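Below is protein-v9.txt, holding compact mmCIF, C-alpha atoms.
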# COMPACT_ATOMS: atom_id res chain seq x y z
CA MET A 1 -16.43 -24.04 9.33
CA PRO A 2 -16.10 -22.48 5.86
CA THR A 3 -18.78 -19.90 6.61
CA MET A 4 -16.57 -18.35 9.28
CA GLU A 5 -14.37 -16.95 6.53
CA LEU A 6 -17.28 -14.99 5.14
CA THR A 7 -17.15 -12.51 8.01
CA ASN A 8 -14.16 -11.10 6.11
CA PRO A 9 -15.59 -8.81 3.37
CA ALA A 10 -12.74 -9.73 0.99
CA ALA A 11 -13.96 -13.34 1.05
CA LEU A 12 -17.29 -12.30 -0.46
CA PRO A 13 -17.64 -12.11 -4.24
CA ALA A 14 -16.88 -8.48 -5.10
CA ASP A 15 -19.81 -6.26 -5.98
CA TRP A 16 -19.99 -5.36 -9.70
CA ARG A 17 -19.94 -1.68 -8.75
CA ASP A 18 -16.48 -2.20 -7.29
CA PHE A 19 -15.27 -3.59 -10.61
CA LEU A 20 -16.67 -0.46 -12.23
CA ALA A 21 -14.84 1.69 -9.65
CA LEU A 22 -11.59 -0.11 -10.54
CA THR A 23 -11.78 1.40 -14.03
CA LYS A 24 -11.61 4.97 -12.63
CA PRO A 25 -14.63 6.26 -14.61
CA ARG A 26 -13.78 9.94 -14.02
CA VAL A 27 -10.31 9.59 -15.51
CA MET A 28 -11.83 7.55 -18.31
CA SER A 29 -14.10 10.44 -19.34
CA LEU A 30 -11.14 12.64 -20.35
CA VAL A 31 -9.48 9.72 -22.15
CA VAL A 32 -12.68 8.93 -24.07
CA PHE A 33 -13.19 12.57 -24.93
CA SER A 34 -9.66 13.08 -26.30
CA GLY A 35 -9.86 9.78 -28.21
CA LEU A 36 -13.19 10.82 -29.71
CA CYS A 37 -11.72 14.16 -30.77
CA GLY A 38 -8.79 12.40 -32.46
CA LEU A 39 -11.26 10.25 -34.33
CA LEU A 40 -13.53 13.15 -35.32
CA VAL A 41 -10.77 15.41 -36.69
CA ALA A 42 -9.40 12.62 -38.88
CA PRO A 43 -10.02 13.13 -42.62
CA VAL A 44 -11.64 9.67 -42.91
CA GLN A 45 -15.11 9.03 -41.48
CA LEU A 46 -15.64 5.58 -40.02
CA PRO A 47 -19.09 3.94 -40.09
CA LEU A 48 -20.86 4.88 -36.87
CA VAL A 49 -20.68 1.43 -35.31
CA LEU A 50 -16.93 1.14 -35.97
CA ALA A 51 -16.32 4.63 -34.56
CA PHE A 52 -18.34 3.67 -31.48
CA THR A 53 -16.34 0.45 -31.13
CA ALA A 54 -13.02 2.32 -31.43
CA ILE A 55 -14.02 4.68 -28.62
CA LEU A 56 -15.35 1.77 -26.57
CA CYS A 57 -11.98 0.03 -26.94
CA ILE A 58 -10.10 3.17 -25.85
CA ALA A 59 -12.41 3.39 -22.81
CA LEU A 60 -11.92 -0.29 -21.96
CA GLY A 61 -8.15 0.07 -22.37
CA ALA A 62 -8.19 3.03 -19.98
CA GLY A 63 -10.32 0.97 -17.58
CA ALA A 64 -7.77 -1.84 -17.73
CA CYS A 65 -5.01 0.66 -16.89
CA GLY A 66 -7.02 1.90 -13.89
CA ALA A 67 -7.65 -1.63 -12.62
CA LEU A 68 -4.01 -2.73 -13.01
CA ASN A 69 -2.81 0.51 -11.41
CA GLN A 70 -5.02 -0.14 -8.37
CA TRP A 71 -3.95 -3.80 -8.28
CA TYR A 72 -0.28 -2.77 -8.09
CA GLU A 73 -0.69 0.21 -5.74
CA VAL A 74 -2.96 -1.28 -3.10
CA GLU A 75 -0.52 -0.63 -0.22
CA VAL A 76 0.14 2.93 -1.40
CA ASP A 77 -3.57 3.65 -1.86
CA ALA A 78 -4.25 2.47 1.68
CA LYS A 79 -1.95 5.22 3.01
CA MET A 80 -3.61 8.12 1.19
CA ARG A 81 -6.92 9.69 2.28
CA ARG A 82 -7.87 10.33 -1.35
CA THR A 83 -7.57 6.64 -2.31
CA ALA A 84 -8.07 4.66 0.92
CA LYS A 85 -11.75 3.96 0.14
CA ARG A 86 -11.02 2.27 -3.20
CA PRO A 87 -12.23 -1.37 -3.43
CA LEU A 88 -8.82 -3.01 -2.82
CA PRO A 89 -7.45 -0.96 0.11
CA ALA A 90 -10.93 -0.95 1.70
CA GLY A 91 -10.92 -4.78 1.56
CA ARG A 92 -14.02 -5.12 -0.63
CA MET A 93 -12.17 -7.10 -3.30
CA ASP A 94 -9.21 -9.47 -3.45
CA ARG A 95 -6.14 -8.54 -5.51
CA GLN A 96 -6.35 -11.59 -7.77
CA SER A 97 -9.81 -10.52 -9.01
CA ALA A 98 -8.51 -7.03 -9.82
CA LEU A 99 -5.51 -8.47 -11.70
CA GLN A 100 -7.66 -10.87 -13.73
CA PHE A 101 -10.19 -8.13 -14.48
CA GLY A 102 -7.48 -5.68 -15.61
CA VAL A 103 -5.59 -8.15 -17.81
CA GLY A 104 -8.82 -9.51 -19.31
CA LEU A 105 -10.22 -6.06 -20.02
CA GLY A 106 -6.95 -4.90 -21.60
CA ALA A 107 -6.59 -7.96 -23.84
CA PHE A 108 -10.25 -7.75 -24.87
CA SER A 109 -9.98 -4.05 -25.77
CA VAL A 110 -6.89 -4.61 -27.96
CA LEU A 111 -8.37 -7.62 -29.80
CA LEU A 112 -11.68 -5.87 -30.40
CA MET A 113 -9.89 -2.74 -31.66
CA GLY A 114 -7.86 -4.83 -34.11
CA LEU A 115 -10.89 -6.73 -35.39
CA ALA A 116 -13.17 -3.69 -35.68
CA THR A 117 -10.76 -1.04 -37.03
CA ASN A 118 -7.12 -1.86 -37.82
CA TRP A 119 -4.14 -3.52 -36.15
CA LEU A 120 -1.99 -0.38 -36.01
CA ALA A 121 -4.64 1.21 -33.74
CA ALA A 122 -4.70 -2.02 -31.71
CA LEU A 123 -0.90 -1.96 -31.45
CA LEU A 124 -0.95 1.65 -30.21
CA LEU A 125 -3.67 0.78 -27.69
CA ALA A 126 -1.62 -2.19 -26.43
CA ALA A 127 1.49 0.03 -26.25
CA SER A 128 -0.37 2.68 -24.23
CA ILE A 129 -1.70 0.09 -21.73
CA LEU A 130 1.73 -1.56 -21.34
CA PHE A 131 3.44 1.83 -21.06
CA TYR A 132 1.03 2.95 -18.34
CA VAL A 133 1.31 -0.25 -16.33
CA PHE A 134 4.99 -1.19 -16.68
CA ILE A 135 6.80 2.08 -17.43
CA TYR A 136 4.68 4.49 -15.37
CA THR A 137 3.01 2.54 -12.54
CA ILE A 138 5.62 -0.11 -11.80
CA TRP A 139 8.89 1.51 -12.87
CA LEU A 140 8.78 5.33 -12.75
CA LYS A 141 6.10 6.32 -10.25
CA PRO A 142 7.71 4.84 -7.12
CA ARG A 143 11.26 5.79 -8.18
CA THR A 144 11.55 9.25 -9.67
CA ALA A 145 10.06 12.73 -9.34
CA GLN A 146 9.96 12.86 -13.14
CA ASN A 147 7.35 10.04 -13.07
CA ILE A 148 4.51 12.00 -14.59
CA VAL A 149 6.71 13.77 -17.15
CA ILE A 150 7.45 10.50 -18.93
CA GLY A 151 4.32 8.73 -17.69
CA GLY A 152 2.23 11.49 -19.24
CA ALA A 153 2.84 9.81 -22.58
CA ALA A 154 0.41 7.06 -21.61
CA GLY A 155 -2.44 9.57 -21.27
CA ALA A 156 -1.43 11.27 -24.51
CA PHE A 157 -2.11 8.21 -26.68
CA PRO A 158 -5.96 8.37 -27.01
CA PRO A 159 -6.25 11.10 -29.71
CA LEU A 160 -3.50 9.36 -31.69
CA ILE A 161 -5.31 6.02 -31.36
CA GLY A 162 -8.62 7.63 -32.38
CA TRP A 163 -7.02 9.15 -35.49
CA VAL A 164 -5.25 5.88 -36.46
CA ALA A 165 -8.46 3.89 -35.91
CA ALA A 166 -10.10 6.10 -38.55
CA THR A 167 -7.23 6.48 -41.04
CA GLY A 168 -4.92 3.52 -40.47
CA HIS A 169 -1.81 5.73 -40.34
CA VAL A 170 -0.04 8.34 -38.19
CA ALA A 171 0.05 12.01 -39.28
CA PRO A 172 1.43 15.35 -37.97
CA LEU A 173 -1.85 16.58 -36.40
CA PRO A 174 -2.43 13.59 -34.07
CA LEU A 175 1.27 13.71 -33.13
CA LEU A 176 0.76 17.35 -32.09
CA LEU A 177 -2.33 16.34 -30.11
CA PHE A 178 -0.13 13.74 -28.42
CA ALA A 179 2.43 16.48 -27.63
CA ILE A 180 -0.24 18.81 -26.20
CA ILE A 181 -1.47 16.21 -23.66
CA PHE A 182 2.09 15.06 -22.95
CA LEU A 183 3.18 18.62 -22.06
CA TRP A 184 -0.12 19.44 -20.30
CA THR A 185 0.24 16.52 -17.86
CA PRO A 186 3.11 17.89 -15.67
CA PRO A 187 1.52 21.29 -14.86
CA HIS A 188 -1.85 19.56 -14.32
CA PHE A 189 -0.56 16.91 -11.91
CA TRP A 190 2.01 19.08 -10.18
CA ALA A 191 -0.67 21.68 -9.40
CA LEU A 192 -2.68 18.87 -7.74
CA SER A 193 0.35 17.38 -5.99
CA LEU A 194 1.19 20.75 -4.42
CA PHE A 195 -2.03 20.87 -2.41
CA VAL A 196 -2.16 17.12 -1.63
CA ARG A 197 1.60 16.95 -0.98
CA SER A 198 1.20 15.48 2.52
CA ASP A 199 -0.76 12.54 1.07
CA TYR A 200 2.01 11.71 -1.40
CA ALA A 201 4.69 12.18 1.27
CA ALA A 202 2.84 9.83 3.65
CA ALA A 203 2.58 7.20 0.92
CA GLY A 204 6.26 7.52 -0.03
CA ILE A 205 5.51 8.54 -3.63
CA PRO A 206 8.39 10.77 -4.85
CA MET A 207 6.21 13.44 -6.46
CA LEU A 208 8.09 16.62 -7.34
CA PRO A 209 6.82 18.74 -4.37
CA VAL A 210 7.89 15.95 -1.99
CA VAL A 211 11.37 15.56 -3.47
CA ALA A 212 12.26 19.01 -4.83
CA GLY A 213 10.05 21.26 -2.70
CA PHE A 214 7.37 23.86 -3.41
CA GLU A 215 9.47 26.52 -5.13
CA SER A 216 11.09 24.17 -7.62
CA THR A 217 7.71 22.55 -8.45
CA ARG A 218 6.07 25.94 -9.02
CA ARG A 219 8.93 27.03 -11.28
CA GLN A 220 8.71 23.81 -13.29
CA ILE A 221 4.93 24.17 -13.64
CA PHE A 222 5.51 27.52 -15.31
CA ILE A 223 8.39 26.23 -17.46
CA TYR A 224 6.35 23.28 -18.78
CA THR A 225 3.39 25.55 -19.52
CA LEU A 226 5.35 27.43 -22.19
CA PRO A 227 6.07 24.50 -24.58
CA MET A 228 2.53 23.24 -23.86
CA ALA A 229 1.09 26.56 -25.06
CA ALA A 230 3.39 26.49 -28.11
CA SER A 231 2.31 22.96 -29.05
CA ALA A 232 -1.35 23.97 -28.61
CA ILE A 233 -0.97 26.81 -31.13
CA ALA A 234 1.31 24.82 -33.47
CA PRO A 235 -1.49 23.04 -35.42
CA TRP A 236 -2.77 26.44 -36.54
CA LEU A 237 0.71 27.83 -37.33
CA LEU A 238 1.45 24.72 -39.41
CA GLY A 239 -1.79 25.13 -41.35
CA LEU A 240 -3.32 21.92 -39.99
CA THR A 241 -6.33 23.71 -38.45
CA GLY A 242 -8.31 26.89 -39.09
CA VAL A 243 -8.33 30.31 -37.52
CA VAL A 244 -11.14 29.45 -35.07
CA TYR A 245 -8.93 26.85 -33.43
CA GLY A 246 -5.85 29.08 -33.64
CA VAL A 247 -7.40 32.10 -31.91
CA SER A 248 -9.15 29.93 -29.30
CA ALA A 249 -5.96 27.98 -28.56
CA ALA A 250 -4.02 31.24 -28.20
CA VAL A 251 -6.56 32.72 -25.75
CA LEU A 252 -6.98 29.50 -23.73
CA SER A 253 -3.20 29.01 -23.54
CA PHE A 254 -2.63 32.63 -22.56
CA VAL A 255 -4.98 32.21 -19.58
CA PHE A 256 -3.16 28.97 -18.68
CA VAL A 257 0.21 30.78 -18.73
CA VAL A 258 -1.19 33.60 -16.54
CA LEU A 259 -2.54 31.09 -13.99
CA ALA A 260 0.78 29.20 -14.04
CA ALA A 261 2.60 32.51 -13.44
CA ARG A 262 0.34 33.12 -10.40
CA VAL A 263 1.31 29.67 -9.11
CA ALA A 264 5.00 30.45 -9.70
CA ALA A 265 4.59 33.68 -7.69
CA ASN A 266 2.84 31.94 -4.78
CA SER A 267 4.92 30.95 -1.77
CA ALA A 268 2.30 29.28 0.44
CA THR A 269 3.17 25.92 1.96
CA ASP A 270 -0.22 25.28 3.55
CA PRO A 271 -2.99 23.93 1.28
CA ASP A 272 -5.31 26.68 2.58
CA GLY A 273 -3.09 29.27 0.91
CA MET A 274 -2.99 27.46 -2.41
CA GLU A 275 -5.93 29.04 -4.22
CA ALA A 276 -3.68 29.70 -7.24
CA GLU A 277 -2.77 26.00 -7.48
CA LYS A 278 -6.42 24.92 -7.11
CA HIS A 279 -7.48 27.39 -9.80
CA LEU A 280 -4.77 26.14 -12.17
CA PHE A 281 -5.74 22.51 -11.56
CA ALA A 282 -9.43 23.19 -12.24
CA TYR A 283 -8.62 25.35 -15.27
CA SER A 284 -6.24 22.71 -16.69
CA VAL A 285 -9.12 20.21 -16.94
CA PHE A 286 -11.36 22.84 -18.57
CA TYR A 287 -8.46 23.85 -20.88
CA LEU A 288 -8.05 20.39 -22.38
CA PHE A 289 -11.80 19.89 -22.84
CA ALA A 290 -12.18 23.35 -24.41
CA LEU A 291 -9.12 23.01 -26.67
CA PHE A 292 -10.22 19.67 -28.10
CA THR A 293 -13.84 20.83 -28.45
CA VAL A 294 -12.70 23.81 -30.49
CA LEU A 295 -10.45 21.56 -32.54
CA VAL A 296 -13.43 19.42 -33.55
CA ALA A 297 -15.66 22.47 -34.13
CA ASP A 298 -12.95 23.99 -36.33
CA ARG A 299 -12.85 20.82 -38.46
CA PHE A 300 -16.59 20.96 -39.16
CA LEU A 301 -17.04 24.72 -39.50
CA PRO A 302 -17.60 25.82 -43.10
CA TRP A 303 -14.86 28.49 -43.02
CA MET B 1 -25.55 -15.24 10.78
CA VAL B 2 -24.66 -17.90 8.22
CA ASN B 3 -27.99 -17.37 6.45
CA VAL B 4 -27.44 -13.63 6.22
CA GLU B 5 -23.99 -14.13 4.70
CA ASP B 6 -25.27 -16.81 2.34
CA GLU B 7 -27.98 -14.41 1.24
CA ILE B 8 -25.40 -11.66 0.57
CA ILE B 9 -23.31 -14.08 -1.50
CA ARG B 10 -26.35 -15.23 -3.51
CA LYS B 11 -27.44 -11.62 -4.08
CA ARG B 12 -24.02 -10.61 -5.36
CA GLN B 13 -23.77 -13.69 -7.56
CA ARG B 14 -27.22 -12.95 -9.02
CA GLU B 15 -26.31 -9.32 -9.70
CA ARG B 16 -22.98 -10.24 -11.29
CA ALA B 17 -24.61 -12.92 -13.44
CA ARG B 18 -27.23 -10.41 -14.58
CA ILE B 19 -24.60 -7.80 -15.48
CA MET B 20 -22.51 -10.42 -17.29
CA ALA B 21 -25.54 -11.57 -19.28
CA LEU B 22 -26.32 -7.98 -20.28
CA LEU B 23 -22.71 -7.35 -21.32
CA LEU B 24 -22.52 -10.57 -23.33
CA GLY B 25 -25.82 -9.75 -25.04
CA ALA B 26 -24.56 -6.26 -25.88
CA PHE B 27 -21.30 -7.75 -27.20
CA VAL B 28 -23.17 -10.12 -29.51
CA VAL B 29 -25.27 -7.23 -30.88
CA LEU B 30 -22.12 -5.13 -31.31
CA LEU B 31 -20.34 -7.96 -33.17
CA PHE B 32 -23.34 -8.33 -35.47
CA PHE B 33 -23.28 -4.64 -36.41
CA ILE B 34 -19.47 -4.63 -36.74
CA THR B 35 -19.78 -7.51 -39.19
CA ILE B 36 -22.45 -5.68 -41.17
CA ALA B 37 -20.31 -2.52 -41.28
CA LYS B 38 -17.15 -4.42 -42.25
CA THR B 39 -18.90 -6.17 -45.10
CA GLY B 40 -20.06 -2.82 -46.42
CA MET B 41 -23.77 -3.32 -45.75
CA ASN B 42 -24.42 -0.04 -43.97
CA TRP B 43 -28.04 0.33 -42.86
Represent the structure from my file as structure tokens, please.
Amino acid sequence: MPTMELTNPAALPADWRDFLALTKPRVMSLVVFSGLCGLLVAPVQLPLVLAFTAILCIALGAGACGALNQWYEVEVDAKMRRTAKRPLPAGRMDRQSALQFGVGLGAFSVLLMGLATNWLAALLLAASILFYVFIYTIWLKPRTAQNIVIGGAAGAFPPLIGWVAATGHVAPLPLLLFAIIFLWTPPHFWALSLFVRSDYAAAGIPMLPVVAGFESTRRQIFIYTLPMAASAIAPWLLGLTGVVYGVSAAVLSFVFVVLAARVAANSATDPDGMEAEKHLFAYSVFYLFALFTVLVADRFLPW
Amino acid sequence: MVNVEDEIIRKRQRERARIMALLLGAFVVLLFFITIAKTGMNW
């Protein structure tokens, strides 16, 4: 009887909330925020509805990345506590639906971006989605401990896309914003991967703490923090932003470097002894939000 | 048992259809305003 199959939850039509969960809304918030900042600091002001559409497209593109990432990593997600309750590993949705949703959402976001703003922005959005799915998720992540170093580029695209959506061309400031997020990604993710190392090890993901150990990861966190801080201050030094941004970026980056130094000095191997890593991870999220907020404020301040 | 599962399927289909209708409606409104903005008729 066909109804017998329905006792399997995956045979039911997936709940719409599970499609929403596929888009990783929490990750999307940082992507949307950085894209919005790129758009706001641009010297050209888009009509409100076009600006809204550009940000919507960036959000949908990020959602497509999340869905395709979960489609590809279903077996890996099932092995990690942090991800085992996602719709696919929990059996609340079939893989084909996730694939169709991700591809459809990605294609829709690129087409809408091209029609509403310009095709260079659409091209960059398409490149960021393809980079995230093929270069990061499928190629690098399961193969090398440097996965997030190169893969971080995918998350660095939004401010560049926001800027290009408004202006139609690339410029030094959005390239520096790209560099800031690109260099921020390794310390941010490595701080997290230190205290959830056992999860990554169980899933067979070659994150740096799993492959190179705690000491090497902590040293590299500190090393990457230095060029990140330099790129954060660079827009001011190059005269692309004002003193408000410059001083704020210097202070915020100094605190980041101090917290990274504390991580480098820590030798704990048990997550309970990793307060320094947890502080750095939490601060890194605040850092990016604060830095980009100040960047926008600096653009609109009268001095 | 079959009725309960049928009911769950119907409920999910109804919810998904409702969400899809809302999204399509929002998309039509968005396209209208994009067209207005692109043709330079800013309200």
Would you kindly report the residues of chain B within 8 Å of chain A, using all atoms listed in the file, as JSON, numbers by chain? {"B": [2, 5, 9, 12, 13, 15, 16, 19, 30, 33, 34, 37, 38, 42]}
Can you pull out every residue within 9 Å of A:Val263, counting all atoms listed in the file, but drop anything in the same chain fewer than 6 positions away, and send it as a VMD selection string? chain A and resid 191 218 to 219 221 to 222 274 to 277 280
Grab the residues selected above and save them as a CSV table (one decimal), keeping the file's coordinate frame with C-alpha atoms.
chain,number,residue,atom,x,y,z
A,191,ALA,CA,-0.7,21.7,-9.4
A,218,ARG,CA,6.1,25.9,-9.0
A,219,ARG,CA,8.9,27.0,-11.3
A,221,ILE,CA,4.9,24.2,-13.6
A,222,PHE,CA,5.5,27.5,-15.3
A,274,MET,CA,-3.0,27.5,-2.4
A,275,GLU,CA,-5.9,29.0,-4.2
A,276,ALA,CA,-3.7,29.7,-7.2
A,277,GLU,CA,-2.8,26.0,-7.5
A,280,LEU,CA,-4.8,26.1,-12.2
Please, what distance in Å, to one decimal, runs between atom CA of A:Leu301 and atom CA of A:Pro158? 23.4 Å
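Pairwise distance (atom CA of A:Ser29, atom CA of A:Tyr136) equals 20.1 Å.
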Please, what distance in Å, to one decimal, runs between atom CA of A:Asp199 and atom CA of A:Met80? 5.3 Å
Can you list, as a PyMOL selection string, every protein, DNA or RNA residue that comes within 10 Å of A:Phe157 when you count all atoms listed in the file, leaving out same-chain residues fewer than 3 positions away? chain A and resi 31+34-35+38+58+124-125+127-129+152-154+160-162+174-175+177-179+181-182
Using 8 Å of padding on each side, determine the axis-aligned box around all atoms of stretch 2-17 of chain B present in the file and give its centre and edge lengths in Å to one decimal, as lines of an AutoDock Vina configuration file.
center_x = -25.5
center_y = -13.6
center_z = -2.6
size_x = 21.0
size_y = 24.6
size_z = 37.7
Write out as a VMD selection string the residues lying within 10 Å of stretch 60-75 of chain A, counting all atoms listed in the file and excluding same-chain residues fewer than 5 positions away. chain A and resid 19 to 25 27 to 29 31 to 32 54 to 55 80 83 to 84 86 to 91 94 to 110 113 125 to 126 128 to 134 136 to 138 142 154 to 155 158 203
Using all atoms listed in the file, which residues sit within 9 Å of A:Val296 once same-chain residues fewer than 5 positions away are excluded, as a list in words? Cys37, Gly38, Leu40, Val41, Tyr245, Leu291 and Leu301 of chain A
Residues near A:Gln45, anyone? I mean within 9 Å using all atoms listed in the file, not counting same-chain ones fewer than 4 positions away, as JSON, numbers by chain. {"A": [39, 40, 51, 166, 167]}
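Each of A:Ser284, A:Asn118, A:Gln146, A:Thr217 was compared to A:Ser267 using all atoms listed in the file, and A:Thr217 turns out to be the nearest.
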Is it possible to get the residues within 9 Å of (7.0, 28.2, -16.5) (coordinates as in the file, counting all atoms listed in the file) written as a compact mmCIF listing (two decimals) with C-alpha atoms, in the frame of the given file?
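Below you can see part_21.txt, which holds the result:
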# COMPACT_ATOMS: atom_id res chain seq x y z
CA PRO A 187 1.52 21.29 -14.86
CA ARG A 218 6.07 25.94 -9.02
CA ARG A 219 8.93 27.03 -11.28
CA GLN A 220 8.71 23.81 -13.29
CA ILE A 221 4.93 24.17 -13.64
CA PHE A 222 5.51 27.52 -15.31
CA ILE A 223 8.39 26.23 -17.46
CA TYR A 224 6.35 23.28 -18.78
CA THR A 225 3.39 25.55 -19.52
CA LEU A 226 5.35 27.43 -22.19
CA PRO A 227 6.07 24.50 -24.58
CA VAL A 257 0.21 30.78 -18.73
CA ALA A 260 0.78 29.20 -14.04
CA ALA A 261 2.60 32.51 -13.44
CA ALA A 264 5.00 30.45 -9.70
Saved stretch 19-40 of chain B from the preceding structure, N, CA and C atoms, as a short mmCIF file (atom, residue, chain, number, x, y, z; two decimals), in the first residue's frame:
data_model
loop_
_atom_site.label_atom_id
_atom_site.label_comp_id
_atom_site.auth_asym_id
_atom_site.auth_seq_id
_atom_site.Cartn_x
_atom_site.Cartn_y
_atom_site.Cartn_z
N ILE B 19 2.37 29.79 1.56
CA ILE B 19 3.66 30.50 1.55
C ILE B 19 4.06 30.85 0.11
N MET B 20 3.87 29.90 -0.80
CA MET B 20 4.23 30.14 -2.20
C MET B 20 3.39 31.26 -2.79
N ALA B 21 2.10 31.28 -2.45
CA ALA B 21 1.23 32.35 -2.95
C ALA B 21 1.69 33.71 -2.42
N LEU B 22 2.04 33.75 -1.14
CA LEU B 22 2.52 35.01 -0.54
C LEU B 22 3.81 35.47 -1.22
N LEU B 23 4.72 34.53 -1.45
CA LEU B 23 6.01 34.89 -2.07
C LEU B 23 5.80 35.36 -3.51
N LEU B 24 4.93 34.68 -4.24
CA LEU B 24 4.67 35.09 -5.62
C LEU B 24 4.03 36.48 -5.67
N GLY B 25 3.09 36.70 -4.74
CA GLY B 25 2.44 38.02 -4.66
C GLY B 25 3.47 39.10 -4.36
N ALA B 26 4.36 38.83 -3.40
CA ALA B 26 5.40 39.79 -3.04
C ALA B 26 6.32 40.04 -4.23
N PHE B 27 6.63 38.98 -4.99
CA PHE B 27 7.51 39.11 -6.15
C PHE B 27 6.87 39.99 -7.23
N VAL B 28 5.59 39.82 -7.44
CA VAL B 28 4.89 40.65 -8.44
C VAL B 28 4.94 42.12 -8.02
N VAL B 29 4.68 42.38 -6.73
CA VAL B 29 4.72 43.77 -6.23
C VAL B 29 6.14 44.33 -6.39
N LEU B 30 7.14 43.50 -6.05
CA LEU B 30 8.54 43.94 -6.17
C LEU B 30 8.87 44.26 -7.62
N LEU B 31 8.46 43.40 -8.54
CA LEU B 31 8.74 43.64 -9.97
C LEU B 31 8.09 44.94 -10.44
N PHE B 32 6.88 45.20 -9.95
CA PHE B 32 6.19 46.44 -10.32
C PHE B 32 7.03 47.64 -9.90
N PHE B 33 7.49 47.64 -8.64
CA PHE B 33 8.25 48.79 -8.14
C PHE B 33 9.64 48.88 -8.79
N ILE B 34 10.23 47.72 -9.11
CA ILE B 34 11.53 47.74 -9.82
C ILE B 34 11.34 48.41 -11.19
N THR B 35 10.25 48.05 -11.86
CA THR B 35 9.97 48.64 -13.17
C THR B 35 9.79 50.14 -13.07
N ILE B 36 9.04 50.56 -12.07
CA ILE B 36 8.83 52.00 -11.86
C ILE B 36 10.17 52.69 -11.62
N ALA B 37 11.00 52.10 -10.75
CA ALA B 37 12.30 52.71 -10.43
C ALA B 37 13.21 52.75 -11.66
N LYS B 38 13.21 51.66 -12.44
CA LYS B 38 14.08 51.59 -13.60
C LYS B 38 13.65 52.56 -14.70
N THR B 39 12.38 52.87 -14.76
CA THR B 39 11.93 53.82 -15.78
C THR B 39 11.99 55.25 -15.28
N GLY B 40 12.56 55.42 -14.09
CA GLY B 40 12.80 56.77 -13.58
C GLY B 40 11.60 57.45 -12.96
#
